[in-house]
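Participant: Before I ask anything, here is the structure I am working with.
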Amino acid sequence: MEIKQSKNTLVIVSLRLPVSVNKVDGKLVIKASDGGLATGMSTVSKSRDSVWVGWPGISSEELSAKEKLEITKELKKHKCHPIFLSEEEVDNYYSGFSNSTIWPLFHYFTDMASYDDKFWDAYQRVNRRFSTEIKKFVAKNTQVWVHDYQLMLLPEMIRSSRPDALIGFFLHTPFPSSEIFRLLPQRTEILEGLLGADLVGFHTYDYVSHFLSSVSRTLGYENELGVIDTKERLVKTDSFPIGINYKKFSQEPKKRSVRKIIKSLDVYGKNTKVILTIDRTDYSKGIPARLDAFELFLEQNPKFIKKVALIMLAVPTREDVEAYQELRQTIEQKVSRINGRFATANWSPIVYRYQSLPFPEVSALYAKADVMLVTPLRDGMNLVAKEYVATHHKHKGVLVLSEVAGAASELTEAVQVNPNDTQMVADAIVEALEMPVKEQKARMTSMQKRIATYDINHWAQDYIRELELTHIKNAKHKKQLTESGINKLIKDYDASSNRLILLDYDGTLKSFVSSPDRALAAPSAKVKKVIKQLTNDPNNKVVIVSGRPKSALESFFKNKGLGLVAEHGGWIFDAGRWVKSEVTTKKWKKPVVQLLEQYTTRTPGSVLEEKNFSIVWHYRNVSPNMAYVRKEELKTELTNLLEDYDVAVHEGEKMLEVKPRTINKGAIATELLAKGVWDFVMCIGDDYTDEDMFRALPEKAYSIHVGSGTTDANYQLEKVKDVIDLLNKLN
């Protein structure tokens with residue numbers, strides 16, 4: 001399948017397509033979905049070329065090659081493209097890792113999570129299959145929007161082959177706290193997969209916060225106002241609470257056919273209050289606990305006997321899974337016991353239906369219900385709560401809502417409960433049944449205004465707009481040294497005869513290591529070779545300008561003619577000897593060392609490094625949360641300690657450094673520039689100390705920052721490997 005590539009091309013990706021394929025009497029039947037996501041996506045895809053990639057819901061073993069071609073051709077008319085999955089893949093990828101590992105873990109049911117290696121293998125394999133198919137549709141300006149927990153590896157897989165693609169990801173489940181998430185053996189791979197996106201979206205800010213915490217703890221990446229710096233790219237995170245098709249739900253009860261259904265529900269009697277619950281039969285929905293609360297309510301409030309009816313619609317799901325079969329059995333046993341205990345000859349407290357109903361009937365139930373009980377033990381959003389609110393065009397009715405449902409952050413006027421507190425839920429039922437009509441209308445009207453404004457269409461458009469803005473900001477933020485830019489640099493290099501090349505070391509010629517230990521930080525054979533080649537060219541003056549001590553640089557490089565600058569300018573090696581700066585450190589150094597020693601002692605994983613002209617406190621191996629607290633405390637104490645000295649506290653890559661203000665790489669760059677007439681100047685570095693050099697260089701110099709982030713350099717390269725590749729091209 002091919003689609004016309006345009007500026008606004010959109011590829012939507014989810015496990016399930018908005019259409020399903022089945023076989024009925026040997027014939028293929030294609031049925032469109034009227035779900036909320038399909039509605040939202042239809043809005044954003046109308047104004048652009050688009051394709052929706054996903055599984056059509058039928059196993060590949062049921063289909064011949066001819067039928068697969070027929071399905072692909074037919075789905076193209078629906079702007080869809082199928083990915084066919086085998087029964088084994090459905091078992092191990094979908095029922096396995098997605099629903100037996102991720103689903104329970106992300107919903108805090110840790111004892112129900114299964115960590116089978118074959119599940120993970122299938123998850124990786126299917127995500128790669130999606131990636132391979134999606135590449136057919138992704139060009140430079142393509143927008144890719146990936147949905148949900150079944151495809152969390154996909155963003156990075158797409159990014160690795162299409163680095164310029166605009167990629168968004170949205171999670172429709174909760175994202176758990178870092179303490180829960182760290183139980184997942186594949187936590188690193190999952191986070192790296194998600195960080196392939198430009199924008200990672202969640203339903204609530206709590207989920208955003210949990211995600212940022214997990215990224216910090218697991219990968220060590222910091223964030224500023226929700227923007228994660230991976231050192232290669234910036235990834236934005238934000239909350240986008242998904243809405244419903246408000247117009248559809250609010251208008252349905254006004255239809256004559258639906259009003260007839262509503263009237264038929266009057267069999268419960270005009271004086272009978274209807275309490276409604278509608279859920280998929282999933283353990284996350286808290287149905288057994290809700291039944292316990294309803295039983296307690298009846299027990300403590302006999303005045304409501306024969307005056308309330310709980311209509312309980314349990315929608316079948318995953319009926320082939322043993323845990324769900326046991327859940328259904330538990331629910332039905334509780335319903336039977338409660339009805340047996342409280343029912344009379346002409347009244348039963350619970351009307352239980354284990355089935356899914358057509359939309360008009362569900363809408364009628366919503367409209368009829370005086371009270372809606374939505375009490376999941378954990379839920380990403382829970383749109384049932386919003387659907388109930390939208391349906392009450394007369395503004396009466398009370399929503400009792402679990403405080404751990406994502407919808408709770410929006411529907412603040414609902415009677416919110418802790419779903420694990422049986423007494424609290426029972427009391428909330430009483431409060432809802434006795435709530436004055438005036439208060440009901442005030443609460444309902446406020447909630448309706450909110451969800452009518454931010455409906456499913458608004459949600460989808462809002463996300464796409466933010467995705468586009470994020471990509472634009474990233475593009476402006478980046479000054480990537482492109483292939484054409486590299487070619488120009490090489491051309492200028494070849495045409496020049498008096499060149500100054502300034503190179504930082506850590507983060508530029510050598511990737512960061514876990515410790516400042518010299519042995520771990522030694523340059524590779526490739527680095528030594530390329531530096532030697534550059535230095536041997538008589539037209540080059542090559543200087544390595546580093547924060548490392550002179551003893552380390554001496555052991556790393558022994559090239560004749562190579563200039564070395566240690567401790568950011570405290571020591572300079574040129575013409576065969578080291579020259580020491582005249583700056584003194586006697587007065588301030590001792591108290592700083594004492595303070596840093598205290599922090600090092602009580603911060604496991606931290607390392608103190610003392611140099612001639614500076615002192616560095618490394619916290620790369622410290623727990624991220626502790627590192628942040630200790631770092632901020634230490635910055636404050638150091639700033640107060642040094643207020644009478646011309647000494648500054650600098651924050652670098654997982655470290656704090658204390659050094660004199662007069663010793664900096666900018667001063668060294670200025671000094672080296674003054675020693676010659678250079679027709680080619682190139683400077684490459686990665687951190688705050690190198691920004692001083694970039695600012696000191698002439699406008700036409702090639703200043704190159706390694707990594708992402710704000711920089712005064714003219715260009716950027718992503719990785720240390722890119723720096724080595726560039727230097728090799730100059731030889």
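Following the order of the structure tokens, first chain is A, next is B, and so on, with residues numbered from 1 inside each chain and ligands from 1 in the order they appear.
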Would you return as a PyMOL selection string the members of range 505-607 of chain A that DSSP assigns to alpha helix (DSSP H) on this structure's backbone?
Facilitator: chain A and resi 525-536+550-556+586-601
Participant: Mind checking which residues fall within 8 Å of Leu15 in chain A, counting only C-alpha atoms, ignoring those fewer than 2 positions away in the same chain, and posting them as a list in words?
Facilitator: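 Counting only C-alpha atoms, the residues come to Val13, Leu17, Gly54, Trp55, His147, Gln150 and Leu151 of chain A.
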Participant: Can you spit out the residues from that selection as an mmCIF file, in the first residue's frame, using N, CA and C atoms?
Facilitator:
```cif
data_model
loop_
_atom_site.group_PDB
_atom_site.id
_atom_site.type_symbol
_atom_site.label_atom_id
_atom_site.label_comp_id
_atom_site.auth_asym_id
_atom_site.auth_seq_id
_atom_site.Cartn_x
_atom_site.Cartn_y
_atom_site.Cartn_z
ATOM 1 N N VAL A 13 -0.943 4.508 14.610
ATOM 2 C CA VAL A 13 -0.551 3.126 14.891
ATOM 3 C C VAL A 13 -1.151 2.685 16.226
ATOM 4 N N LEU A 17 -6.932 -2.184 14.699
ATOM 5 C CA LEU A 17 -7.436 -1.216 13.728
ATOM 6 C C LEU A 17 -8.838 -0.755 14.133
ATOM 7 N N GLY A 54 -2.432 -1.415 11.908
ATOM 8 C CA GLY A 54 -2.736 -2.231 13.072
ATOM 9 C C GLY A 54 -3.210 -3.620 12.694
ATOM 10 N N TRP A 55 -3.555 -4.388 13.693
ATOM 11 C CA TRP A 55 -4.009 -5.778 13.522
ATOM 12 C C TRP A 55 -5.520 -5.792 13.291
ATOM 13 N N HIS A 147 -0.033 4.427 19.666
ATOM 14 C CA HIS A 147 -0.942 4.349 20.808
ATOM 15 C C HIS A 147 -0.734 3.091 21.643
ATOM 16 N N GLN A 150 0.855 -1.767 24.197
ATOM 17 C CA GLN A 150 1.277 -2.912 23.387
ATOM 18 C C GLN A 150 2.425 -2.555 22.439
ATOM 19 N N LEU A 151 2.721 -1.255 22.273
ATOM 20 C CA LEU A 151 3.695 -0.820 21.266
ATOM 21 C C LEU A 151 4.725 0.148 21.850
#
```
Participant: Looking only at strand (DSSP E or B) from DSSP on the backbone, list the matching residues of range 410-503 of chain A as a ChimeraX atom specification.
Facilitator: /A:415-417,480,499-503
Participant: Given only C-alpha atoms as the basis, pick out the residue of A:Met112, A:Leu184, A:Met626, A:Leu656 nearest to Val607 in chain A.
Facilitator: A:Leu656
Participant: Find the residues around range 485-496 of chain A up to 10 Å (only C-alpha atoms counted), leave out those fewer than 2 positions away in its own chain, and share them as a ChimeraX atom specification.
Facilitator: /A:480-483,498-499,539-540,678-682,701-702,715,726-727,729-731
